[in-house]
Each structure stands twice: as structure tokens, then as C-alpha cells.
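**Q** Pasting target.cif here (mmCIF, C-alpha atoms):
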data_run
#
loop_
_atom_site.label_atom_id
_atom_site.label_comp_id
_atom_site.auth_asym_id
_atom_site.auth_seq_id
_atom_site.Cartn_x
_atom_site.Cartn_y
_atom_site.Cartn_z
CA MET A 28 0.00 0.00 0.00
CA SER A 29 1.36 3.42 -0.93
CA MET A 30 2.06 6.11 1.71
CA ILE A 31 -0.62 8.36 0.15
CA SER A 32 -3.24 5.57 0.44
CA SER A 33 -2.27 4.96 4.06
CA LEU A 34 -2.67 8.65 4.88
CA ARG A 35 -6.10 8.71 3.22
CA ILE A 36 -7.28 5.70 5.25
CA ALA A 37 -6.00 7.26 8.49
CA ALA A 38 -7.79 10.51 7.72
CA LEU A 39 -11.08 8.70 7.03
CA CYS A 40 -10.78 6.76 10.28
CA ALA A 41 -10.14 9.96 12.25
CA LEU A 42 -13.16 11.61 10.65
CA ALA A 43 -15.37 8.66 11.47
CA ALA A 44 -14.21 8.71 15.11
CA SER A 45 -14.68 12.47 15.60
CA PRO A 46 -17.80 13.72 17.44
CA VAL A 47 -20.54 15.18 15.24
CA LEU A 48 -22.85 17.93 16.47
CA SER A 49 -26.49 16.95 16.25
CA ALA A 50 -28.84 18.94 14.05
CA GLY A 51 -29.54 22.35 15.55
CA ALA A 52 -26.57 22.15 17.97
CA ARG A 53 -23.49 24.33 17.78
CA ALA A 54 -20.30 24.82 19.75
CA GLU A 55 -20.32 27.33 22.59
CA LEU A 56 -19.81 30.91 21.45
CA LEU A 57 -17.55 32.78 23.89
CA SER A 58 -15.35 35.85 23.91
CA PRO A 59 -11.74 35.66 25.09
CA TRP A 60 -11.20 36.14 28.81
CA SER A 61 -10.29 39.66 29.94
CA SER A 62 -8.24 39.47 33.14
CA ALA A 63 -7.68 42.02 35.89
CA GLY A 64 -5.45 40.47 38.54
CA ALA A 65 -7.10 37.34 39.90
CA THR A 66 -10.45 38.27 38.31
CA SER A 67 -11.51 37.41 34.74
CA ALA A 68 -14.59 38.14 32.65
CA ARG A 69 -15.94 37.09 29.26
CA LEU A 70 -19.11 37.23 27.17
CA VAL A 71 -21.18 34.09 26.62
CA ALA A 72 -23.78 33.77 23.84
CA GLY A 73 -26.98 31.79 24.29
CA ALA A 74 -30.03 30.75 22.34
CA ALA A 75 -32.48 33.05 20.59
CA GLU A 76 -35.87 33.40 22.29
CA ALA A 77 -38.93 35.22 20.93
CA GLY A 78 -36.95 37.49 18.63
CA ALA A 79 -34.26 38.30 21.21
CA LEU A 80 -30.79 36.86 21.82
CA THR A 81 -29.76 35.67 25.27
CA GLY A 82 -26.27 35.97 26.63
CA GLY A 83 -24.32 36.60 29.78
CA VAL A 84 -21.26 38.14 31.35
CA GLU A 85 -19.30 35.38 33.09
CA ILE A 86 -17.11 36.60 35.96
CA ARG A 87 -14.51 34.51 37.76
CA LEU A 88 -13.63 35.77 41.22
CA ALA A 89 -10.69 34.87 43.42
CA PRO A 90 -11.63 32.65 46.40
CA GLY A 91 -13.12 34.75 49.19
CA SER A 92 -13.84 37.74 46.93
CA LYS A 93 -17.21 39.32 46.20
CA THR A 94 -18.72 41.74 43.74
CA TYR A 95 -21.90 43.80 43.91
CA TRP A 96 -25.52 43.68 42.79
CA ARG A 97 -27.24 46.52 40.87
CA TYR A 98 -28.01 48.08 44.30
CA PRO A 99 -24.95 47.48 46.51
CA GLY A 100 -26.54 48.29 49.87
CA ASP A 101 -24.81 50.39 52.54
CA SER A 102 -21.49 50.32 50.70
CA GLY A 103 -20.04 49.20 47.41
CA ILE A 104 -20.17 50.10 43.74
CA PRO A 105 -22.65 48.47 41.34
CA PRO A 106 -21.38 47.11 38.01
CA HIS A 107 -21.57 49.54 35.09
CA PHE A 108 -22.30 48.21 31.59
CA ASP A 109 -21.19 50.38 28.63
CA TRP A 110 -22.37 48.88 25.33
CA ASN A 111 -21.13 51.73 23.12
CA GLY A 112 -19.67 50.42 19.87
CA SER A 113 -22.11 47.50 19.62
CA ARG A 114 -23.81 47.07 16.26
CA ASN A 115 -27.37 46.05 15.38
CA VAL A 116 -28.45 46.47 19.00
CA GLY A 117 -31.85 47.96 19.79
CA THR A 118 -32.00 47.32 23.53
CA ILE A 119 -30.02 45.28 26.05
CA GLU A 120 -31.72 44.27 29.30
CA VAL A 121 -29.47 43.03 32.11
CA LEU A 122 -31.15 40.24 34.10
CA TRP A 123 -29.79 40.13 37.64
CA PRO A 124 -29.58 36.78 39.47
CA ALA A 125 -30.84 36.79 43.05
CA PRO A 126 -28.08 38.23 45.30
CA VAL A 127 -27.20 37.71 48.95
CA ARG A 128 -26.64 40.09 51.88
CA PHE A 129 -23.13 40.44 53.34
CA ASP A 130 -22.39 41.60 56.89
CA ASP A 131 -19.45 43.96 56.51
CA GLY A 132 -19.08 44.70 60.23
CA GLY A 133 -21.24 47.70 61.05
CA SER A 134 -22.73 47.88 57.54
CA ALA A 135 -24.23 45.52 55.00
CA SER A 136 -23.78 45.10 51.28
CA ILE A 137 -25.56 43.12 48.57
CA GLY A 138 -23.91 41.03 45.89
CA TYR A 139 -22.31 37.77 44.88
CA LYS A 140 -19.46 35.51 45.91
CA ASN A 141 -17.75 32.83 43.83
CA ASP A 142 -17.99 32.66 40.04
CA LEU A 143 -21.18 33.99 38.48
CA VAL A 144 -22.96 34.74 35.21
CA ILE A 145 -25.02 37.92 34.83
CA PRO A 146 -27.49 37.22 31.99
CA PHE A 147 -28.76 39.76 29.49
CA ARG A 148 -31.30 39.86 26.66
CA VAL A 149 -30.52 41.63 23.36
CA THR A 150 -33.26 42.87 21.02
CA PRO A 151 -31.63 43.49 17.62
CA ARG A 152 -32.31 46.71 15.80
CA GLU A 153 -32.74 44.69 12.60
CA ALA A 154 -34.35 41.31 13.18
CA GLY A 155 -32.72 38.36 11.50
CA GLN A 156 -29.30 40.02 11.31
CA PRO A 157 -26.11 39.28 13.32
CA VAL A 158 -25.27 41.31 16.42
CA GLU A 159 -21.84 42.66 17.36
CA LEU A 160 -21.46 43.11 21.11
CA ARG A 161 -18.88 45.54 22.49
CA LEU A 162 -18.88 45.86 26.28
CA THR A 163 -16.77 47.83 28.72
CA LEU A 164 -17.60 46.48 32.17
CA ASP A 165 -16.52 48.43 35.26
CA PHE A 166 -17.10 46.75 38.61
CA ALA A 167 -15.63 46.39 42.09
CA ILE A 168 -13.98 43.36 43.65
CA CYS A 169 -13.72 43.07 47.43
CA GLY A 170 -11.64 40.63 49.43
CA LYS A 171 -9.63 41.95 52.35
CA ILE A 172 -9.61 45.25 50.47
CA CYS A 173 -11.84 46.61 47.69
CA GLN A 174 -10.46 47.57 44.32
CA PRO A 175 -11.91 48.56 40.95
CA ALA A 176 -11.81 46.20 37.98
CA SER A 177 -12.52 46.69 34.30
CA ALA A 178 -12.99 44.37 31.33
CA VAL A 179 -13.26 45.15 27.61
CA LEU A 180 -15.19 42.35 25.87
CA THR A 181 -16.25 41.73 22.28
CA LEU A 182 -18.37 38.98 20.75
CA ASP A 183 -20.09 38.62 17.38
CA VAL A 184 -23.32 36.65 17.57
CA PRO A 185 -25.14 35.18 14.54
CA ALA A 186 -28.79 36.01 14.00
CA GLU A 187 -29.85 32.56 15.21
CA GLY A 188 -27.86 32.86 18.44
CA ALA A 189 -25.87 30.01 19.93
CA ALA A 190 -28.03 27.03 20.83
CA PRO A 191 -28.13 25.23 23.12
CA SER A 192 -27.39 27.82 25.79
CA PRO A 193 -24.44 26.89 28.05
CA PRO A 194 -25.45 25.26 31.36
CA ALA A 195 -23.99 28.12 33.43
CA LEU A 196 -26.10 30.64 31.52
CA LEU A 197 -29.24 28.52 31.94
CA ALA A 198 -28.60 28.24 35.69
CA ALA A 199 -28.15 32.01 35.96
CA LEU A 200 -31.37 32.67 34.04
CA ALA A 201 -33.22 30.29 36.36
CA SER A 202 -32.01 32.26 39.40
CA VAL A 203 -33.35 35.61 38.12
CA PRO A 204 -36.33 36.64 40.30
CA ARG A 205 -39.64 36.19 38.50
CA ALA A 206 -42.05 39.11 38.17
CA ALA A 207 -44.96 39.06 40.61
CA SER A 208 -47.76 41.33 41.79
CA LEU A 209 -48.28 42.89 45.19
CA GLY A 210 -50.90 40.91 47.06
CA ALA A 211 -50.60 37.79 44.90
CA ALA A 212 -51.20 34.42 46.54
CA GLY A 213 -48.61 31.69 46.93
CA SER A 214 -45.09 31.50 48.34
CA PRO A 215 -42.88 33.40 48.10
CA ALA A 216 -45.23 36.38 47.95
CA ILE A 217 -45.50 39.95 49.17
CA ALA A 218 -48.89 40.51 50.76
CA VAL A 219 -48.64 44.11 51.98
CA ALA A 220 -46.08 46.93 51.80
CA GLU A 221 -47.11 50.03 53.70
CA LEU A 222 -45.99 53.03 55.72
CA HIS A 223 -46.18 52.55 59.46
CA LYS A 224 -46.02 55.37 62.02
CA GLY A 225 -44.77 54.25 65.42
CA ALA A 226 -43.01 55.59 68.49
CA ASP A 227 -39.65 55.29 66.73
CA GLY A 228 -40.80 57.19 63.65
CA THR A 229 -42.11 56.23 60.24
CA SER A 230 -41.01 52.97 58.62
CA ILE A 231 -41.90 50.75 55.68
CA ARG A 232 -43.35 47.39 56.71
CA VAL A 233 -43.47 44.59 54.15
CA GLU A 234 -45.49 41.48 55.01
CA THR A 235 -44.37 38.39 53.11
CA GLN A 236 -45.16 34.72 52.81
CA VAL A 237 -42.03 32.57 52.58
CA GLY A 238 -41.04 28.96 53.08
CA ASP A 239 -37.81 29.59 55.00
CA ALA A 240 -38.53 32.46 57.40
CA ALA A 241 -35.14 32.26 59.11
CA ASN A 242 -33.17 32.82 55.93
CA ALA A 243 -35.47 34.72 53.58
CA ASP A 244 -34.36 38.23 52.67
CA LEU A 245 -35.79 41.36 51.10
CA PHE A 246 -34.20 44.28 49.24
CA VAL A 247 -36.10 47.47 48.41
CA GLU A 248 -35.07 49.99 45.73
CA GLY A 249 -36.42 53.38 44.81
CA PRO A 250 -37.39 54.48 41.30
CA SER A 251 -33.99 56.12 40.59
CA GLU A 252 -30.35 55.92 41.65
CA ASP A 253 -30.63 58.88 44.03
CA TRP A 254 -32.74 56.75 46.37
CA ALA A 255 -30.73 54.86 49.02
CA LEU A 256 -33.22 52.87 51.09
CA PRO A 257 -31.67 50.91 53.99
CA LEU A 258 -31.61 47.15 54.29
CA PRO A 259 -34.54 45.86 56.38
CA SER A 260 -34.66 43.89 59.60
CA ARG A 261 -36.79 40.76 59.89
CA GLU A 262 -39.72 39.96 62.19
CA THR A 263 -41.58 36.64 62.28
CA GLY A 264 -45.23 36.90 63.28
CA PRO A 265 -47.44 34.32 65.01
CA ASP A 266 -49.45 33.78 61.82
CA GLY A 267 -46.42 32.44 59.98
CA ARG A 268 -45.88 35.58 57.96
CA THR A 269 -42.47 37.21 57.89
CA THR A 270 -42.40 41.01 58.07
CA PHE A 271 -39.46 43.11 56.92
CA VAL A 272 -39.08 46.58 58.42
CA LEU A 273 -36.91 49.42 57.12
CA PRO A 274 -36.64 52.97 58.46
CA LEU A 275 -37.80 55.73 56.18
CA ASP A 276 -34.24 56.86 55.34
CA GLY A 277 -32.53 57.49 52.03
CA VAL A 278 -35.55 59.11 50.35
CA PRO A 279 -34.56 62.10 48.17
CA LYS A 280 -35.75 65.51 49.35
CA GLY A 281 -39.16 66.32 47.94
CA ALA A 282 -39.93 62.75 46.84
CA ASP A 283 -43.39 61.37 47.65
CA ILE A 284 -42.81 57.94 49.17
CA ALA A 285 -46.54 57.20 49.22
CA SER A 286 -46.90 57.35 45.44
CA ALA A 287 -43.43 56.30 44.25
CA ARG A 288 -43.06 52.94 42.55
CA LEU A 289 -40.66 50.80 44.56
CA ARG A 290 -38.97 47.58 43.53
CA PHE A 291 -39.13 44.76 46.08
CA THR A 292 -36.88 41.72 45.61
CA LEU A 293 -37.87 38.84 47.91
CA ILE A 294 -35.51 35.87 48.12
CA ASP A 295 -36.64 32.58 49.66
CA GLY A 296 -33.92 29.98 49.18
CA ALA A 297 -33.72 29.01 45.51
CA ARG A 298 -36.94 30.92 44.77
CA ALA A 299 -37.15 34.67 44.30
CA ILE A 300 -39.70 37.21 43.09
CA GLU A 301 -39.61 40.86 42.10
CA VAL A 302 -42.54 43.23 42.66
CA ASP A 303 -42.64 46.69 41.08
CA SER A 304 -45.38 48.64 42.83
CA PRO A 305 -46.31 51.66 44.95
CA LEU A 306 -46.94 51.01 48.61
CA SER A 307 -50.20 49.35 49.58
CA VAL A 308 -53.31 51.45 50.13
CA ARG A 309 -55.44 50.51 53.16
#
Would you write the structure of this file as C-alpha cells?

**A**
Amino acid sequence: MSMISSLRIAALCALAASPVLSAGARAELLSPWSSAGATSARLVAGAAEAGALTGGVEIRLAPGSKTYWRYPGDSGIPPHFDWNGSRNVGTIEVLWPAPVRFDDGGSASIGYKNDLVIPFRVTPREAGQPVELRLTLDFAICGKICQPASAVLTLDVPAEGAAPSPPALLAALASVPRAASLGAAGSPAIAVAELHKGADGTSIRVETQVGDAANADLFVEGPSEDWALPLPSRETGPDGRTTFVLPLDGVPKGADIASARLRFTLIDGARAIEVDSPLSVR
């Protein structure tokens, strides 16, 4: 047998043994990692859903480090997403996974530890056309000390997206709080959110129904970034409801708390809801 024939046979055998993607499947679509010290970030593309493309920003943190949620709490800096330079992008909605509260010794912050994916949804300006994502991400990383971090990320995504979505992106999407209404039944749920005038002053009291009263948590945000509402304390009532109480601090001068739309994020273990509503009327 000639050397050329032997090479042809070897090539055919290698081709037969190689894995073949099933119909409709494609390899993961990822940007290169952008590193800042012990922290790295990259873009991850996901499947197309209802005319929009899904994706995520994957962040790897050093052990023991944390980064912040969209509202960082008493201290911290929220991530800032700058999509300037992207092409064929109509809107980009960042979808925040449920965060946790951190006790910082005299103050509290809200965010994430360990590696995470922050999902987003892209609506193209021109449907059926590819999207070019260009992101400058500025965020803060805190271990023993806090320091700023930045990542410049680029990823070109075909019109059909990248299906199937990576498991880490799917897990992050599943942890995003689902939209709910004030007063809705079920658990977790927010039954009432109202102003309460007591001997210690005026506070916001939020009555909730949760499965794990000892560990459930609530975060309340105002309608704009100049609001800085405090993190609430927790009270468990005899009827099984858990009430969260926060002093009426951090409201901008001249703002009407009674009519403002507030955003309530209630976290109950692996389940979380988000309610966008004014305070209850009784």
C-alpha cells in the first residue's frame, strides 16, 4: 500500500471517530477572557428566544472575593455596563440573578461571591441580522480590600444565536427573580407593603409569605439611583408571615414615598420574586 493511500485511510478513520454535532446544535460561542489580577470576565452567547438573543457576562472571582448587585446596599459600587460600539443592537436588558446580603461589620452590602454569570437579553435593531457586542464592564472586587476592575469584551453573535445555551447561563437565568404582583397568593409572595407610624418614627413594613422564614431576605429599591433605602430587619409573626421593616431613610428631598413605585426583591432559598409597585393602600 502506498504512503498516500495509508494517509487517506488514516484521515477517514479519524473523521469517522470524531464527534458530530447533532442537528440544531453548535459549539459554545464565547469571547476571550479579559483578566484584571485574579479576576476574569468574558461574554457568553446563548439561544435566541422570541426574537431576542440571550447571553451573559461570566465573571470569575478569586476565592473569598465578592462583587456587587445593581443596588450594593450600605457600601459598594454596582457594576456599570457600557455597550457603546455594539452594532445592530436595539436594547439590552441586564437580568440580575438573586443576590445575597453580606455583613461587613457595622454595615451591610448586597452582591455575589464565587464565580457567576449575569445574563442579558438583546433585542436586535434589525431582526434576522447578526449582532456585534462591544462591552466595557466596570465593577468592584472586594476581598480583604476593595479595588476597581474593568474588562473590555467583544463577541459577534449570529442572528440565530448560539443554541443550546451553556449550562452556566441557563442556571443564571433560572435564578433571576420572576415578576410578581403585590398581594398575589402563593409563596414566596408579598402581601402588603405600607408606611407605618410608630413611636420610633415612620417605617416601611413589608409582610411576606415565605417557606424559610429564618433565611429569607428582602431588598427594596427606589425608582432612581438617588434613592438609598436601607436594608430591612426581619420579624416573624405568630401567623407564619415574615415582616421586613426598614426605616424611612434614604428618600430624596421632595420625593413622595406614598406614590413612588418601589422595587421589592424577595428571596426565599432558591426561589425569588420581584414586585414593582407603589406602597399598599389601606

**Q** Write out as a VMD selection string which residues come within 9 Å of stretch 287-294 of chain A when counting only C-alpha atoms, dropping same-chain ones fewer than 3 positions away.

**A** chain A and resid 125 to 127 204 215 to 217 235 237 242 to 250 282 to 284 297 to 306

**Q** May I ask for the distance between atom CA of A:Ser58 and atom CA of A:Asp183, given in Å to one decimal place?

**A**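 For atom CA of A:Ser58 relative to atom CA of A:Asp183, the distance reads 8.5 Å.
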
**Q** Selection in question (the file shown): the PyMOL selection byres ((chain A and resi 71) around 8). Which residues does it include, as a PDB file with C-alpha atoms, in the frame of the given file?

**A**
ATOM      1  CA  GLU A  55     -20.320  27.330  22.590  1.00  0.00           C
ATOM      2  CA  LEU A  56     -19.810  30.910  21.450  1.00  0.00           C
ATOM      3  CA  LEU A  57     -17.550  32.780  23.890  1.00  0.00           C
ATOM      4  CA  SER A  58     -15.350  35.850  23.910  1.00  0.00           C
ATOM      5  CA  ARG A  69     -15.940  37.090  29.260  1.00  0.00           C
ATOM      6  CA  LEU A  70     -19.110  37.230  27.170  1.00  0.00           C
ATOM      7  CA  ALA A  72     -23.780  33.770  23.840  1.00  0.00           C
ATOM      8  CA  GLY A  73     -26.980  31.790  24.290  1.00  0.00           C
ATOM      9  CA  GLY A  82     -26.270  35.970  26.630  1.00  0.00           C
ATOM     10  CA  GLY A  83     -24.320  36.600  29.780  1.00  0.00           C
ATOM     11  CA  VAL A  84     -21.260  38.140  31.350  1.00  0.00           C
ATOM     12  CA  GLU A  85     -19.300  35.380  33.090  1.00  0.00           C
ATOM     13  CA  LEU A 196     -26.100  30.640  31.520  1.00  0.00           C
TER      14      LEU A 196
END

**Q** Can you tell me which residues surround A:Ser102 at a distance of at most 9 Å, considering all atoms listed in the file, apart from same-chain residues fewer than 3 positions away, and format the answer as a list in words?

**A** Pro99, Asp131, Ser134, Ala135, Ser136 and Ile137 of chain A

**Q** Can you tell me, as a ChimeraX atom specification, what residues are no more than 8 Å from stretch 62-64 of chain A when counting only C-alpha atoms, ignoring any on the same chain fewer than 6 positions away?

**A** /A:176-178

**Q** What's the separation between atom CA of A:Thr229 and atom CA of A:Leu275, in Å to one decimal place?

**A**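 These atoms are spaced 5.9 Å apart.
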
**Q** What do you get, as a ChimeraX atom specification, if you spell out every residue that the PyMOL selection byres ((chain A and resi 154) around 10) selects here?

**A** /A:78-79,115-117,150-153,155-158,186

**Q** Given the choices A:Tyr95, A:Trp123, A:Phe166, A:Trp110, which gets closest to A:Ala68 if the distance is worked out from only C-alpha atoms?

**A**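 Result for the nearest residue to A:Ala68: A:Phe166.
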
**Q** What is the distance between atom CA of A:Val278 and atom CA of A:Ser208, in Å to one decimal?

**A**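 Separation between atom CA of A:Val278 and atom CA of A:Ser208: 23.2 Å.
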
**Q** From the options A:Val149, A:Ala218, A:Ala226, A:Ile168, which residue's atoms come nearest to A:Ala77, counting only C-alpha atoms?

**A**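 Looking at the shortest contact to A:Ala77, the residue is A:Val149.
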
**Q** Convert the output of the PyMOL selection byres ((chain A and resi 197) around 12) on the shown file into explicit residues, formatted as a PyMOL selection string.

**A** chain A and resi 71-74+81-83+124+143-147+190-196+198-203

**Q** Which residue is closest to A:Ala241? Choose from A:Ser113, A:Gly91, A:Arg261, A:Lys280 and count all atoms listed in the file.

**A**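 Ranking A:Ser113, A:Gly91, A:Arg261, A:Lys280 by distance to A:Ala241, first place goes to A:Arg261.
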
**Q** From the list A:Ser251, A:Asp227, A:Glu221, A:Leu164, which residue is nearest A:Thr270 when using all atoms listed in the file?

**A**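 Smallest separation from A:Thr270 among the options: A:Glu221.
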
**Q** Would you mind telling me which residue in A:Thr181, A:Ser214, A:Leu80, A:Arg148 lies nearest to A:Pro59 when using all atoms listed in the file?

**A**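 Ranked by minimum distance to A:Pro59, first place goes to A:Thr181.
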
**Q** Taking all atoms listed in the file into account, name the residue in A:Arg232, A:Gly132, A:Leu160, A:Leu180 that is nearest to A:Ser67.

**A**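 Going through A:Arg232, A:Gly132, A:Leu160, A:Leu180 one by one, the smallest distance to A:Ser67 is for A:Leu180.
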
**Q** Given the point (-32.7, 46.8, 57.0) in the file's coordinates, find the residues that have an atom at most 8 Å from it, counting all atoms listed in the file, and give them as a PyMOL selection string.

**A** chain A and resi 257-261+271-274

**Q** Skip A:Gly281 itself and residues of its chain fewer than 4 positions away, then list as a list in words all residues within 12 Å of it, counting only C-alpha atoms.

**A**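 In the requested form, the answer reads Asp253, Trp254, Gly277, Ala285 and Ala287 of chain A.
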